[in-house]
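Student: Just so it is clear, I am handing over final_34.pdb, which has PDB, C-alpha atoms and all ligand atoms.
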ATOM      1  CA  MET A   1      49.418 -14.075   4.998
ATOM      2  CA  GLU A   2      46.404 -15.475   3.247
ATOM      3  CA  LYS A   3      43.220 -13.549   3.775
ATOM      4  CA  GLU A   4      40.277 -15.256   5.489
ATOM      5  CA  PRO A   5      37.573 -15.874   2.902
ATOM      6  CA  LYS A   6      34.789 -13.366   3.436
ATOM      7  CA  PRO A   7      31.617 -15.169   4.548
ATOM      8  CA  ALA A   8      28.873 -14.928   1.986
ATOM      9  CA  ILE A   9      26.250 -12.555   3.308
ATOM     10  CA  ILE A  10      22.609 -12.886   2.576
ATOM     11  CA  PRO A  11      21.400  -9.526   1.417
ATOM     12  CA  ASN A  12      17.980  -8.832   2.823
ATOM     13  CA  ARG A  13      16.693  -7.182  -0.274
ATOM     14  CA  PRO A  14      14.375  -7.920  -3.158
ATOM     15  CA  ILE A  15      15.633 -10.777  -5.208
ATOM     16  CA  LEU A  16      13.058 -11.180  -7.928
ATOM     17  CA  MET A  17      13.619  -7.741  -9.358
ATOM     18  CA  SER A  18      16.447  -5.863 -10.973
ATOM     19  CA  GLU A  19      18.347  -3.494  -8.735
ATOM     20  CA  GLY A  20      17.072  -0.622 -10.847
ATOM     21  CA  LEU A  21      13.468  -1.579 -10.246
ATOM     22  CA  VAL A  22      14.026  -1.971  -6.517
ATOM     23  CA  LYS A  23      15.642   1.453  -6.434
ATOM     24  CA  TYR A  24      12.699   2.852  -8.361
ATOM     25  CA  ILE A  25      10.155   1.361  -5.929
ATOM     26  CA  LEU A  26      12.064   2.661  -2.914
ATOM     27  CA  GLU A  27      12.613   6.121  -4.355
ATOM     28  CA  SER A  28       9.178   6.617  -5.923
ATOM     29  CA  SER A  29       6.906   5.066  -3.310
ATOM     30  CA  VAL A  30       8.645   4.061  -0.096
ATOM     31  CA  TYR A  31      11.159   6.712   0.977
ATOM     32  CA  PRO A  32       8.908   9.714   0.229
ATOM     33  CA  ARG A  33       6.300   8.306   2.625
ATOM     34  CA  GLU A  34       8.638   6.926   5.267
ATOM     35  CA  SER A  35       8.221   8.848   8.501
ATOM     36  CA  GLU A  36      11.113  10.894   9.848
ATOM     37  CA  PRO A  37      11.910   8.689  12.898
ATOM     38  CA  LEU A  38      11.873   5.543  10.754
ATOM     39  CA  ARG A  39      14.250   7.124   8.277
ATOM     40  CA  GLU A  40      16.538   8.207  11.102
ATOM     41  CA  LEU A  41      16.487   4.733  12.638
ATOM     42  CA  ARG A  42      17.293   3.205   9.232
ATOM     43  CA  ASN A  43      20.211   5.592   8.749
ATOM     44  CA  ALA A  44      21.540   4.853  12.249
ATOM     45  CA  THR A  45      21.360   1.131  11.464
ATOM     46  CA  ASP A  46      23.542   1.640   8.377
ATOM     47  CA  ASN A  47      26.583   1.916  10.676
ATOM     48  CA  HIS A  48      25.920  -1.480  12.275
ATOM     49  CA  PRO A  49      28.172  -4.274  10.946
ATOM     50  CA  LEU A  50      25.081  -6.438  10.452
ATOM     51  CA  ASN A  51      23.053  -3.677   8.774
ATOM     52  CA  PHE A  52      21.996  -6.065   5.968
ATOM     53  CA  ILE A  53      19.740  -8.014   8.378
ATOM     54  CA  ALA A  54      17.453  -5.041   8.987
ATOM     55  CA  SER A  55      13.990  -5.270   7.437
ATOM     56  CA  SER A  56      13.680  -3.830   3.965
ATOM     57  CA  PRO A  57      11.585  -0.662   3.918
ATOM     58  CA  ASP A  58       9.358  -1.852   1.056
ATOM     59  CA  ALA A  59       8.412  -4.975   3.038
ATOM     60  CA  GLY A  60       7.868  -2.628   5.980
ATOM     61  CA  GLN A  61       5.480  -0.517   3.954
ATOM     62  CA  LEU A  62       3.407  -3.598   3.143
ATOM     63  CA  MET A  63       3.361  -4.530   6.828
ATOM     64  CA  ALA A  64       2.189  -1.050   7.783
ATOM     65  CA  LEU A  65      -0.731  -1.434   5.401
ATOM     66  CA  LEU A  66      -1.638  -4.840   6.871
ATOM     67  CA  LEU A  67      -1.569  -3.429  10.397
ATOM     68  CA  LYS A  68      -3.949  -0.638   9.375
ATOM     69  CA  LEU A  69      -6.303  -2.974   7.486
ATOM     70  CA  LEU A  70      -6.474  -5.252  10.522
ATOM     71  CA  ASN A  71      -6.951  -2.393  12.977
ATOM     72  CA  ALA A  72      -4.205  -4.201  14.867
ATOM     73  CA  LYS A  73      -3.852  -3.247  18.497
ATOM     74  CA  LYS A  74      -1.909  -6.066  20.106
ATOM     75  CA  THR A  75       1.087  -7.599  18.363
ATOM     76  CA  ILE A  76       4.154  -9.801  18.897
ATOM     77  CA  GLU A  77       7.524  -9.355  17.259
ATOM     78  CA  VAL A  78      10.133 -12.118  17.198
ATOM     79  CA  GLY A  79      13.528 -10.637  16.235
ATOM     80  CA  VAL A  80      13.906  -6.897  16.835
ATOM     81  CA  PHE A  81      17.522  -6.047  15.901
ATOM     82  CA  THR A  82      17.717  -2.210  15.859
ATOM     83  CA  GLY A  83      13.945  -1.911  15.666
ATOM     84  CA  TYR A  84      12.949  -0.887  12.138
ATOM     85  CA  SER A  85       9.946  -3.229  11.997
ATOM     86  CA  LEU A  86       9.244  -2.559  15.681
ATOM     87  CA  LEU A  87       9.060   1.215  15.272
ATOM     88  CA  LEU A  88       7.043   0.758  12.110
ATOM     89  CA  THR A  89       4.568  -1.429  14.002
ATOM     90  CA  ALA A  90       4.410   1.013  16.906
ATOM     91  CA  LEU A  91       3.602   3.842  14.476
ATOM     92  CA  ASN A  92       0.750   1.877  12.910
ATOM     93  CA  ILE A  93      -1.198   0.752  15.980
ATOM     94  CA  PRO A  94      -3.313   3.005  18.194
ATOM     95  CA  ASP A  95      -1.963   4.930  21.169
ATOM     96  CA  ASP A  96      -3.185   2.257  23.605
ATOM     97  CA  GLY A  97      -1.822  -0.581  21.427
ATOM     98  CA  LYS A  98       0.808  -2.996  22.702
ATOM     99  CA  ILE A  99       3.749  -4.867  21.191
ATOM    100  CA  ILE A 100       5.583  -7.681  22.923
ATOM    101  CA  ALA A 101       9.045  -7.504  21.325
ATOM    102  CA  LEU A 102      11.438 -10.418  21.797
ATOM    103  CA  ASP A 103      15.164 -10.518  21.149
ATOM    104  CA  PRO A 104      18.093 -11.797  23.223
ATOM    105  CA  ASP A 105      20.199  -8.874  21.946
ATOM    106  CA  ARG A 106      19.413  -5.674  23.829
ATOM    107  CA  ASN A 107      22.450  -3.797  22.481
ATOM    108  CA  SER A 108      21.084  -3.607  18.946
ATOM    109  CA  TYR A 109      17.649  -2.582  20.242
ATOM    110  CA  GLU A 110      19.300   0.289  22.081
ATOM    111  CA  ILE A 111      20.646   1.683  18.804
ATOM    112  CA  GLY A 112      17.080   2.254  17.640
ATOM    113  CA  LEU A 113      15.593   3.173  21.004
ATOM    114  CA  PRO A 114      16.346   6.927  20.837
ATOM    115  CA  PHE A 115      14.279   7.143  17.610
ATOM    116  CA  ILE A 116      11.460   5.115  19.166
ATOM    117  CA  LYS A 117      11.461   7.547  22.095
ATOM    118  CA  LYS A 118      11.603  10.545  19.799
ATOM    119  CA  ALA A 119       8.573   9.197  17.922
ATOM    120  CA  GLY A 120       6.695   9.071  21.241
ATOM    121  CA  VAL A 121       5.728   5.392  20.947
ATOM    122  CA  GLU A 122       7.938   3.701  23.534
ATOM    123  CA  HIS A 123       4.957   3.211  25.867
ATOM    124  CA  LYS A 124       3.461   0.742  23.363
ATOM    125  CA  ILE A 125       6.508  -1.539  23.508
ATOM    126  CA  GLU A 126       7.351  -4.233  26.014
ATOM    127  CA  PHE A 127      10.866  -5.332  25.053
ATOM    128  CA  LEU A 128      11.942  -8.630  26.593
ATOM    129  CA  GLU A 129      15.616  -9.480  26.335
ATOM    130  CA  SER A 130      15.091 -13.177  25.732
ATOM    131  CA  PRO A 131      14.922 -15.874  23.085
ATOM    132  CA  ALA A 132      11.330 -15.963  21.876
ATOM    133  CA  LEU A 133      10.280 -19.577  22.421
ATOM    134  CA  PRO A 134      10.204 -19.631  26.241
ATOM    135  CA  VAL A 135       8.231 -16.372  26.285
ATOM    136  CA  LEU A 136       5.668 -17.684  23.795
ATOM    137  CA  ASP A 137       5.334 -20.855  25.901
ATOM    138  CA  LYS A 138       4.787 -18.774  29.001
ATOM    139  CA  LEU A 139       2.110 -16.704  27.238
ATOM    140  CA  LEU A 140       0.358 -19.929  26.221
ATOM    141  CA  LYS A 141       0.168 -21.088  29.834
ATOM    142  CA  ASP A 142      -2.409 -18.354  30.463
ATOM    143  CA  GLN A 143      -5.530 -19.153  28.449
ATOM    144  CA  ALA A 144      -6.476 -15.476  28.453
ATOM    145  CA  ASN A 145      -3.719 -14.958  25.864
ATOM    146  CA  ASP A 146      -5.216 -17.426  23.353
ATOM    147  CA  GLY A 147      -6.389 -15.580  20.266
ATOM    148  CA  SER A 148      -5.609 -12.253  21.913
ATOM    149  CA  PHE A 149      -3.082 -10.915  19.387
ATOM    150  CA  ASP A 150      -4.012  -9.301  16.073
ATOM    151  CA  PHE A 151      -0.657  -9.564  14.371
ATOM    152  CA  ALA A 152       2.736 -11.236  14.737
ATOM    153  CA  PHE A 153       5.949 -10.633  12.831
ATOM    154  CA  VAL A 154       8.612 -13.344  12.853
ATOM    155  CA  ASP A 155      12.077 -12.324  11.752
ATOM    156  CA  ALA A 156      14.595 -14.309  13.824
ATOM    157  CA  ASP A 157      16.235 -17.734  13.905
ATOM    158  CA  LYS A 158      14.880 -19.479  10.820
ATOM    159  CA  ASN A 159      15.352 -23.008  12.192
ATOM    160  CA  ASN A 160      12.614 -22.258  14.710
ATOM    161  CA  TYR A 161       9.987 -20.872  12.315
ATOM    162  CA  TRP A 162       7.772 -23.939  12.620
ATOM    163  CA  ASN A 163       8.073 -23.856  16.425
ATOM    164  CA  TYR A 164       7.013 -20.200  16.356
ATOM    165  CA  HIS A 165       4.175 -21.057  14.011
ATOM    166  CA  GLU A 166       2.755 -23.769  16.286
ATOM    167  CA  ARG A 167       2.570 -21.251  19.117
ATOM    168  CA  LEU A 168       1.551 -18.116  17.221
ATOM    169  CA  ILE A 169      -1.328 -19.842  15.439
ATOM    170  CA  LYS A 170      -2.875 -20.155  18.920
ATOM    171  CA  LEU A 171      -1.926 -16.719  20.222
ATOM    172  CA  VAL A 172      -3.099 -14.782  17.151
ATOM    173  CA  ARG A 173      -6.865 -14.424  16.773
ATOM    174  CA  ILE A 174      -8.910 -15.925  13.958
ATOM    175  CA  GLY A 175      -8.668 -13.371  11.141
ATOM    176  CA  GLY A 176      -5.350 -12.114  12.491
ATOM    177  CA  ILE A 177      -2.067 -12.239  10.596
ATOM    178  CA  ILE A 178       1.307 -13.868  11.170
ATOM    179  CA  ALA A 179       4.008 -12.621   8.782
ATOM    180  CA  TYR A 180       7.277 -14.514   8.345
ATOM    181  CA  ASP A 181      10.262 -12.717   6.872
ATOM    182  CA  ASN A 182      13.107 -14.060   4.692
ATOM    183  CA  THR A 183      11.149 -17.019   3.358
ATOM    184  CA  LEU A 184      12.847 -16.770  -0.057
ATOM    185  CA  TRP A 185      16.205 -16.739   1.690
ATOM    186  CA  GLY A 186      18.188 -14.784  -0.872
ATOM    187  CA  GLY A 187      16.618 -16.849  -3.662
ATOM    188  CA  SER A 188      18.372 -19.981  -2.380
ATOM    189  CA  VAL A 189      15.067 -21.851  -1.949
ATOM    190  CA  ALA A 190      14.844 -22.129  -5.732
ATOM    191  CA  MET A 191      18.467 -23.169  -6.280
ATOM    192  CA  ALA A 192      20.102 -26.589  -6.219
ATOM    193  CA  GLU A 193      21.984 -27.189  -2.981
ATOM    194  CA  GLU A 194      25.400 -27.225  -4.717
ATOM    195  CA  GLU A 195      24.762 -23.768  -6.148
ATOM    196  CA  VAL A 196      24.209 -22.307  -2.690
ATOM    197  CA  PRO A 197      27.145 -21.133  -0.540
ATOM    198  CA  GLU A 198      27.650 -23.487   2.372
ATOM    199  CA  VAL A 199      26.767 -20.895   5.011
ATOM    200  CA  LYS A 200      23.314 -20.523   3.516
ATOM    201  CA  ARG A 201      22.548 -24.242   3.124
ATOM    202  CA  GLU A 202      21.151 -25.086   6.517
ATOM    203  CA  TRP A 203      18.693 -22.206   6.579
ATOM    204  CA  ARG A 204      17.810 -22.880   2.935
ATOM    205  CA  LYS A 205      16.684 -26.362   4.031
ATOM    206  CA  HIS A 206      14.679 -24.958   6.931
ATOM    207  CA  ALA A 207      13.080 -22.333   4.685
ATOM    208  CA  ILE A 208      12.061 -24.939   2.091
ATOM    209  CA  ALA A 209      10.587 -27.231   4.768
ATOM    210  CA  PHE A 210       8.808 -24.304   6.445
ATOM    211  CA  ASN A 211       7.356 -22.986   3.186
ATOM    212  CA  LYS A 212       5.998 -26.452   2.418
ATOM    213  CA  ALA A 213       4.569 -26.896   5.910
ATOM    214  CA  ILE A 214       2.639 -23.606   5.895
ATOM    215  CA  ALA A 215       1.423 -24.259   2.349
ATOM    216  CA  ASP A 216      -0.043 -27.532   3.707
ATOM    217  CA  ASP A 217      -1.545 -25.890   6.802
ATOM    218  CA  SER A 218      -5.331 -25.723   6.403
ATOM    219  CA  ARG A 219      -5.641 -23.436   9.438
ATOM    220  CA  LEU A 220      -4.547 -20.456   7.381
ATOM    221  CA  GLU A 221      -4.739 -18.482   4.179
ATOM    222  CA  LEU A 222      -1.345 -17.774   2.683
ATOM    223  CA  THR A 223       0.568 -15.570   0.318
ATOM    224  CA  LEU A 224       4.321 -15.613  -0.212
ATOM    225  CA  ALA A 225       4.966 -12.037  -1.316
ATOM    226  CA  SER A 226       8.189 -11.493  -3.243
ATOM    227  CA  VAL A 227       8.962  -8.317  -1.390
ATOM    228  CA  GLY A 228      12.209  -7.845   0.517
ATOM    229  CA  ASP A 229      13.702 -11.290   1.019
ATOM    230  CA  GLY A 230      10.277 -12.927   0.792
ATOM    231  CA  LEU A 231       7.428 -12.250   3.222
ATOM    232  CA  SER A 232       4.985 -15.105   3.925
ATOM    233  CA  ILE A 233       1.726 -13.621   5.099
ATOM    234  CA  CYS A 234      -0.607 -16.051   6.897
ATOM    235  CA  ARG A 235      -4.148 -15.217   7.954
ATOM    236  CA  ARG A 236      -5.554 -17.477  10.639
ATOM    237  CA  LEU A 237      -8.764 -19.159   9.478
ATOM    238  CA  LEU A 238      -9.611 -21.576  12.295
TER     239      LEU A 238
HETATM  240  N1  LIG A 301      13.042  -7.191  12.427
HETATM  241  C1  LIG A 301      14.374  -6.625  12.470
HETATM  242  C2  LIG A 301      15.455  -7.549  11.958
HETATM  243  C3  LIG A 301      15.655  -8.776  12.830
HETATM  244  S1  LIG A 301      17.186  -9.545  12.511
HETATM  245  C4  LIG A 301      14.386  -5.299  11.704
HETATM  246  O1  LIG A 301      13.334  -4.818  11.308
HETATM  247  O2  LIG A 301      15.452  -4.752  11.498
HETATM  248  C5  LIG A 301      17.103 -10.971  13.504
HETATM  249  C6  LIG A 301      17.123 -10.746  14.999
HETATM  250  O3  LIG A 301      16.710 -11.969  15.609
HETATM  251  C7  LIG A 301      18.497 -10.419  15.601
HETATM  252  O4  LIG A 301      18.448  -9.174  16.257
HETATM  253  C8  LIG A 301      18.749 -11.551  16.598
HETATM  254  O5  LIG A 301      19.341 -11.130  17.824
HETATM  255  C9  LIG A 301      17.324 -12.053  16.862
HETATM  256  N2  LIG A 301      17.239 -13.428  17.368
HETATM  257  C10 LIG A 301      18.086 -14.461  17.176
HETATM  258  N3  LIG A 301      17.669 -15.540  17.820
HETATM  259  C11 LIG A 301      16.497 -15.203  18.430
HETATM  260  C12 LIG A 301      15.550 -15.902  19.251
HETATM  261  N4  LIG A 301      15.735 -17.175  19.557
HETATM  262  N5  LIG A 301      14.461 -15.235  19.675
HETATM  263  C13 LIG A 301      14.257 -13.941  19.355
HETATM  264  N6  LIG A 301      15.114 -13.232  18.588
HETATM  265  C14 LIG A 301      16.208 -13.860  18.129
HETATM  266 CA    CA A 302      14.489 -10.119   7.995
END
Could you show the structure in this file as structure tokens?
Tutor:
Amino acid sequence: MEKEPKPAIIPNRPILMSEGLVKYILESSVYPRESEPLRELRNATDNHPLNFIASSPDAGQLMALLLKLLNAKKTIEVGVFTGYSLLLTALNIPDDGKIIALDPDRNSYEIGLPFIKKAGVEHKIEFLESPALPVLDKLLKDQANDGSFDFAFVDADKNNYWNYHERLIKLVRIGGIIAYDNTLWGGSVAMAEEEVPEVKREWRKHAIAFNKAIADDSRLELTLASVGDGLSICRRLL
């Protein structure tokens, strides 16, 4: 019997650097400073069949720094999976900080939950088992939520990035940050369509359109950092 062709996976890892350099960065600067519960959560995620979609720890380290620089207290996360970025966020906001974490998949979240509990930060997290858009719309119905978040991390369905952006740019305060993950999409954004495996093409198109739209958005300052699979960091200006 003929074997099913293996679907091309999109490794969520640095793409602008050699593997050796990535390994060097992780081993010299990221892993030695990664806290115990984060490391344990990352190792537990390794057994998940979709382990490649977890955030890369070097992108996480950059996010931790941003959270500290912002003195972030209230954040939103769109796309939790097993919770690497969620635990990282929880560890980098104060004890009375709060994260609204959105994902329709509770099972994956529960893989990371024991490590979140062990780290003593579960009280900062409100996990809602739901697609993100309806929750963001509900938050926007209460004006008290406008500009009330310091930070948002978007790492879910790429075809909705612009929809998330339209909502988060209102929910995050002026001076606050919205970070979008996977905006280099395995390097496919810089390739001709024919060169890209079919499974990646649709999201490649969305990523290209999204990258252009935020580059044209005068409401924010922007950097597309070539860390992980590309992290677009937007700071709200108006
Ligand atoms: N930030 C995570 C990785 C997220 S992977 C980490 O650090 O490991 C993408 C996640 O987005 C998946 O868990 C998937 O269930 C979730 N997702 C898919 N569609 C979504 C939606 N509409 N709203 C919120 N989350 C969604
Ligand atoms: Ca990601």
Student: By how many Å are atom C11 of ligand LIG 301 (chain A) and CA of Phe149 (chain A) apart?
Tutor: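 We find that atom C11 of ligand LIG 301 (chain A) and CA of Phe149 (chain A) lie 20.1 Å from each other.
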Student: Within 6 Å of ligand LIG 301 (chain A), counting all atoms listed in the file: which residues, as a PyMOL selection string?
Tutor: chain A and resi 53-55+78-85+102-105+131-132+155-157
Student: Tell me which protein, DNA and RNA residues are within 9 Å of region 115-121 of chain A, counting all atoms listed in the file, leaving out same-chain ones fewer than 2 positions away, and put them as an MDAnalysis selection string.
Tutor: chainID A and resid 36:38 40:41 83 86:87 90:91 95 111:113 123:125
Student: Please determine, counting only C-alpha atoms, which residue among A:Tyr31, A:Phe210, A:Phe52, A:Phe127 has the shortest atom-to-atom distance to Gly186 (chain A).
Tutor: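 For Gly186 (chain A), the nearest of the given residues is A:Phe52.
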Student: First collect every listed atom of region 193-202 of chain A; then fit an axis-aligned box around them, widen it by 6 Å on each side, and give centre and edge lengths in Å to one decimal, as AutoDock Vina command-line options.
Tutor:
--center_x 24.4 --center_y -23.9 --center_z 0.2 --size_x 18.5 --size_y 18.7 --size_z 24.7
